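Student: Here it is, the structure, as structure tokens.
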Amino acid sequence: MNFFVEALAFITDPARLTGPDGIPVRLGEHLLYTVAAVALASLVAIPAGYLIGHTGKGRTIAVALTGGVRALPTVGVVFGLALLMGIGSTPPMIAFVVLAVPSVLAGAYSGFEAVDRATIDAARAMGMTESQIVRKVEVPLGLPLLIGGIRSATLQVVATATVAAVVGAGGLGTYIFRGLRSNDYVQMLAGSVLVIALAIVIEVVFATVQRLVVPAGVAAGRPTDSRAPALRSRTSERSLQEGTQS
């Protein structure tokens, strides 16, 4: 318990809120890695995922490639790139982009695949072109699953961005690895708490966004549980009447 109290004291210490090693600076570095990595991954993965989802071609290859990429050890990739490119922010950034691509790609093509084929056929019957079907039907209906893929990728990068500190690239992992080297468990715990808090905030934001992007027509058409009690009530009344008549 004392470790948690001391970790909170470490985080709230005014001396930790200023300077190049302050928590705001390290938090900014961590967020920069996360946002940049997910944005770069999205530039590649979203168009590719939309193409796969719309045409239905290349899904097997995409699943195999993304599965292989997910199996890569991120720390090993960071070290390998650092040996080739030197210490700095570039090696971890490349590793984080590679880490984010599979989730974004899966969210993109899964969103298109989740659209009812009858809806696509109806759009074609109305005279829509393929590009119109993509823009006006598949993209809006598949957006919640795409946001879910981006949400998953962002949380993965937030958790993994701590390894940037291993090659001197900053981030909240600086406190964790510095504490590990000096056996300063309070500093390690403080760094872990900051990463967890950041992940929780991002999770709440994305969960809210994912609910908001559901098209109004889809949300209105979802079944609710409000009819279930009434149905049970009518069933019970019918059973009671039949029992009385018998």
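Every chain in the structure tokens takes a letter, A first, then B, and so on in the order presented; its residues are numbered from 1, and the ligands are numbered from 1 following the presented order.
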Skip stretch 146-155 of chain A itself and residues of its chain fewer than 3 positions away, then list as a list in words all residues within 8 Å of it, counting only C-alpha atoms.

Tutor: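 My list of contacting residues is Thr34, Val35, Val38, Ser42, Leu99, Ala100, Val101, Pro102, Ser103, Val104, Leu105, Ala106, Gly107, Ala108, Ser110, Gly111, Gly142, Leu143, Val158, Ala159, Ala199, Ile202, Glu203, Phe206, Val209 and Gln210 of chain A.
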
Student: Go ahead and write the residues just picked, C-alpha atoms, as a tab-separated table (two decimals), in the first residue's frame.

Tutor:
chain	number	residue	atom	x	y	z
A	34	THR	CA	0.42	6.82	-30.34
A	35	VAL	CA	-1.40	9.33	-32.55
A	38	VAL	CA	-2.15	4.98	-35.60
A	42	SER	CA	-4.65	4.11	-40.96
A	99	LEU	CA	1.79	-3.05	-34.60
A	100	ALA	CA	-1.22	-0.83	-35.37
A	101	VAL	CA	-1.83	-1.95	-38.97
A	102	PRO	CA	-3.49	-5.35	-38.28
A	103	SER	CA	-6.25	-4.01	-36.01
A	104	VAL	CA	-7.08	-1.08	-38.29
A	105	LEU	CA	-7.07	-3.32	-41.37
A	106	ALA	CA	-9.34	-5.87	-39.68
A	107	GLY	CA	-11.74	-3.16	-38.58
A	108	ALA	CA	-11.90	-1.71	-42.10
A	110	SER	CA	-14.88	-6.34	-41.22
A	111	GLY	CA	-17.03	-3.21	-41.30
A	142	GLY	CA	-19.07	-0.06	-41.45
A	143	LEU	CA	-17.79	2.95	-39.50
A	158	VAL	CA	-0.38	3.08	-25.82
A	159	ALA	CA	0.59	-0.04	-23.89
A	199	ALA	CA	-5.28	3.88	-21.57
A	202	ILE	CA	-8.55	6.71	-24.38
A	203	GLU	CA	-10.84	3.68	-23.94
A	206	PHE	CA	-13.27	5.73	-28.17
A	209	VAL	CA	-17.18	7.84	-30.30
A	210	GLN	CA	-18.02	4.30	-31.38

Student: Show which residues sit within 9 Å of A:Ile94, as a list in words. Count only C-alpha atoms, and ignore same-chain residues fewer than 2 positions away.

Tutor: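 Near A:Ile94, the qualifying residues are Ala37, Val77, Val78, Leu81, Ser89, Thr90, Pro91, Pro92, Phe96, Val97, Val98 and Leu99 of chain A.
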
Student: Store the residues picked out above, limited to C-alpha atoms, as a PDB file, in the first residue's frame.

Tutor:
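Listing of result15.pdb after writing:
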ATOM      1  CA  ALA A  37       1.600   5.585 -35.373  1.00  0.00           C
ATOM      2  CA  VAL A  77      11.661  -5.160 -33.714  1.00  0.00           C
ATOM      3  CA  VAL A  78      12.599  -1.947 -31.900  1.00  0.00           C
ATOM      4  CA  LEU A  81      15.700  -1.331 -36.107  1.00  0.00           C
ATOM      5  CA  SER A  89      12.440   7.997 -32.296  1.00  0.00           C
ATOM      6  CA  THR A  90      12.364   6.439 -35.786  1.00  0.00           C
ATOM      7  CA  PRO A  91      12.866   2.750 -34.815  1.00  0.00           C
ATOM      8  CA  PRO A  92      10.058   2.657 -32.241  1.00  0.00           C
ATOM      9  CA  PHE A  96       4.361   0.980 -33.546  1.00  0.00           C
ATOM     10  CA  VAL A  97       3.007   1.531 -37.058  1.00  0.00           C
ATOM     11  CA  VAL A  98       3.553  -2.153 -37.853  1.00  0.00           C
ATOM     12  CA  LEU A  99       1.789  -3.045 -34.595  1.00  0.00           C
TER      13      LEU A  99
END

Student: Grab the atom CA of A:Ala122 to atom CA of A:Pro47 distance for me, in Å with one decimal place.

Tutor: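 Taking atom CA of A:Ala122 and atom CA of A:Pro47, their separation equals 23.9 Å.
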
Student: Can you list, as a ChimeraX atom specification, every protein, DNA or RNA residue that comes within 12 Å of A:Leu189 when you count only C-alpha atoms, leaving out same-chain residues fewer than 2 positions away?

Tutor: /A:1-11,172-180,183-187,191-196

Student: If you measure from atom CA of A:His54 to atom CA of A:Gly67, what distance in Å do you get, rounded to one decimal?

Tutor: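 It comes out at 21.0 Å.
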
Student: Which value, in Å to one decimal, gives the distance between atom CA of A:Val134 and atom CA of A:Tyr50?

Tutor: 8.3 Å
